[in-house]
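Asks: Take a look at the following structure, please.
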Amino acid sequence: MKVRTRFAPSPTGFLHTGSLFMSMICHKVAKQSDGVFYIRLEDTDTKREIEGSGEKLLEQLYAFGIIPDEGYLGDHEKGSYGPYIQSHRADLYKVVIKHLLEEGKAYPCFCSGEELNEIRKVQESKKLNPGYWGEFARCRDLDNDERVRRIQNGEPFVIRFRSEGNHENKIMVHDLVHGDFEIAQNDQDIVIYKSDGLPTYHFAHCVDDHFMRTTTVIRGEEWIASLPIHVELFEAMGWKAPNYAHLPVIMKLDEAGHKRKLSKRLDPEAAVSYFLKDGYPTEALIMYLMTIANSNFEEWILANKFEHMEEFKFTFTKMSLEGALFDIGKLAFFSREILAKKDKETFFNMAKVYAEEYSPSLLALINKDPEYFKAIINIEREKENPRKDYDKFSNLENMISFFYHDNYLKDVSSLPEYNPKFSHDNIKELLLKVKSDLSLEQDEQSWFNNMKDIGESLGYAPSGKIYKAEPDKYIGSVSDVAEMLRISLTGRKNTPNLYWLMKVLSKEEVNLRIDYIISLL
């Protein structure tokens, strides 16, 4: 019952989010059966190949914890079924092509591009199924003497598979996601071997997945249309076909509110590099993608407090048949939950690794005083219900910049925006009282009581409830006191816990900022 899966990328560009989704499932299915997950590099499309992209794909997979057991590993290969790079498997393909030719199940085709265009135009005019099939397969029934003559004359040719199907007939196929369904039989004499000596995807898939012992082929549902071709190829070779699982595509709403496939050209989040550059923790993206993969995962991970994801049992039967909409808000939710659970040192190390790669200015803040930085990000962190302020590291610098004196002065170059119901005299009076009477050398509850006492002495209600009951009796409430102090010290209305914020700043820095605001007043 062990499952052997593979991820077979082409080195033609970045790692697509859909490819990460697929490889995550391949890895999960193999691991939970104590099986094998391997990587095969499909580099037969030489015109689109980008140098170094194979290694980059691997690097990004590793970043998300998707580590192959064998296969193509960049600078080397590991495993018993190599080579794991298609272009290095040319001799194997030639052996299988020879076998198909000997069996009469394949033949050389000499048709030029112009001839193929003529065939297509005739089919269009007669409203027939397009392609190279039946009566339109001009080279199908050439005798061997003519084939030999034309090859010896140097005419370019490809090798085509001789299909025995009829597109008017149906075949029953089974898919691990979609179940049993009928689909039109293949009747196309597809190219299986190109004139450049390399195989096409259809043929290489059949050969490689047979000889590499793949038990389960997991790929996007756009390949369902090719399933009849692959079924016929395996039957022609007399090989057992692998199990197939065709995954729904990841969708996005366009500006008109219509669903469409996540696009490499239109959507930055189509590339996993987008999430790495934006600083989302990689486990958050994997966790979010698993909610797309299995409908019961979200409830499971919430019950397990966002931990031990490796223990979740993935099943194809829990996959939706419709493409899921990519939800960046849901990703941010998982990211906040995961980052909140990290201890101070782990969060610090993650932030530093991110900053070293993507943010020199954040790195400068970290290196300026590492212990101060740790104190900032540790506010209400290591407790039973930690704060959940941070969702990605690209936001971190902006969220904490006010802790640094020079940044604070830049942000608060003019008087910040206070509630207009309070006069400058109200604010100044409060700040002077805080400076003289509010101690940071006490626990949080005592500090809060101290702040209430200061507020009451200046005419502020000790609670919002009391102020609401008798608004004419007070200037405001203790929450107004806290807000005025928060804005004065940070220039912002929303910040971490005010008590701990002031503790991190220190009494000396708090007084400096109070003096600065009073000067602006």
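Residues are referred to by chain and number: the chain letter is A, B, ... according to the order shown in the structure tokens, the number counts from 1 in that chain, and ligands are numbered separately from 1 in the order shown.
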Please identify all polymer residues within 8 Å of Ala293 in chain A, counting only C-alpha atoms, omitting same-chain residues fewer than 3 positions from it, and present them as a list in words.
Replies: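 In the requested form, the answer reads Ile25, Leu289, Met290, Lys318, Met319 and Ser320 of chain A.
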Asks: Give me, as a list of chain:residue names, all polymer residues having an atom no more than 9 Å from Ile376 in chain A, counting only C-alpha atoms and skipping those fewer than 4 positions away in the same chain.
Replies: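 Selected residues are A:Glu371, A:Tyr372, A:Ile400, A:Phe403, A:Trp500, A:Leu501, A:Val504, A:Leu505.
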Asks: Would you mind telling me which residue in A:Tyr107, A:Asn494, A:Val122, A:Glu299 lies nearest to Asp141 in chain A when using only C-alpha atoms?
Replies: A:Tyr107
Asks: Considering only C-alpha atoms, return as a PDB file with all heavy atoms, in the first residue's frame whatever protein or nucleic-acid residues lie within 7 Å of Phe203 in chain A, sequence-local ones (same chain, fewer than 4 positions apart) excluded.
Replies:
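Output saved as result-v1.pdb:
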ATOM      1  N   ILE A 192       5.028  11.391 -30.698  1.00  0.00           N
ATOM      2  CA  ILE A 192       5.630  10.904 -29.459  1.00  0.00           C
ATOM      3  C   ILE A 192       7.139  11.146 -29.435  1.00  0.00           C
ATOM      4  O   ILE A 192       7.761  11.086 -28.374  1.00  0.00           O
ATOM      5  CB  ILE A 192       5.331   9.402 -29.232  1.00  0.00           C
ATOM      6  CG1 ILE A 192       5.794   8.564 -30.410  1.00  0.00           C
ATOM      7  CG2 ILE A 192       3.849   9.195 -28.948  1.00  0.00           C
ATOM      8  CD1 ILE A 192       5.606   7.057 -30.200  1.00  0.00           C
ATOM      9  N   PRO A 199      11.507  13.322 -26.636  1.00  0.00           N
ATOM     10  CA  PRO A 199      10.122  12.856 -26.600  1.00  0.00           C
ATOM     11  C   PRO A 199       9.152  13.991 -26.290  1.00  0.00           C
ATOM     12  O   PRO A 199       9.529  15.023 -25.749  1.00  0.00           O
ATOM     13  CB  PRO A 199      10.140  11.844 -25.447  1.00  0.00           C
ATOM     14  CG  PRO A 199      11.163  12.405 -24.498  1.00  0.00           C
ATOM     15  CD  PRO A 199      12.231  12.997 -25.387  1.00  0.00           C
ATOM     16  N   VAL A 207       6.536   6.437 -20.431  1.00  0.00           N
ATOM     17  CA  VAL A 207       7.803   5.709 -20.255  1.00  0.00           C
ATOM     18  C   VAL A 207       8.395   5.953 -18.868  1.00  0.00           C
ATOM     19  O   VAL A 207       8.756   5.012 -18.150  1.00  0.00           O
ATOM     20  CB  VAL A 207       8.801   6.110 -21.355  1.00  0.00           C
ATOM     21  CG1 VAL A 207      10.176   5.485 -21.099  1.00  0.00           C
ATOM     22  CG2 VAL A 207       8.278   5.704 -22.723  1.00  0.00           C
TER      23      VAL A 207
END
Asks: Could you tell me how far CA of Pro281 in chain A lies from CA of Glu221 in chain A, in Å and to one decimal?
Replies: 28.1 Å
Asks: What are the closest atom pairs, with distances in Å to one decimal, for each residue of range 174-253 of chain A lying within 12 Å of range 144-156 of chain A, using only C-alpha atoms, rows by chain and rising residue number, as CSV?
Replies:
residue,atom,partner,partner_atom,distance
A:Lys194,CA,A:Pro156,CA,9.8
A:Ser195,CA,A:Pro156,CA,6.6
A:Asp196,CA,A:Pro156,CA,9.5
A:Gly197,CA,A:Pro156,CA,11.1
Asks: Can you measure CA of Ile183 in chain A to CA of Ile171 in chain A for me? One decimal in Å is fine.
Replies: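 Computing the Euclidean distance for CA of Ile183 in chain A and CA of Ile171 in chain A yields 5.6 Å.
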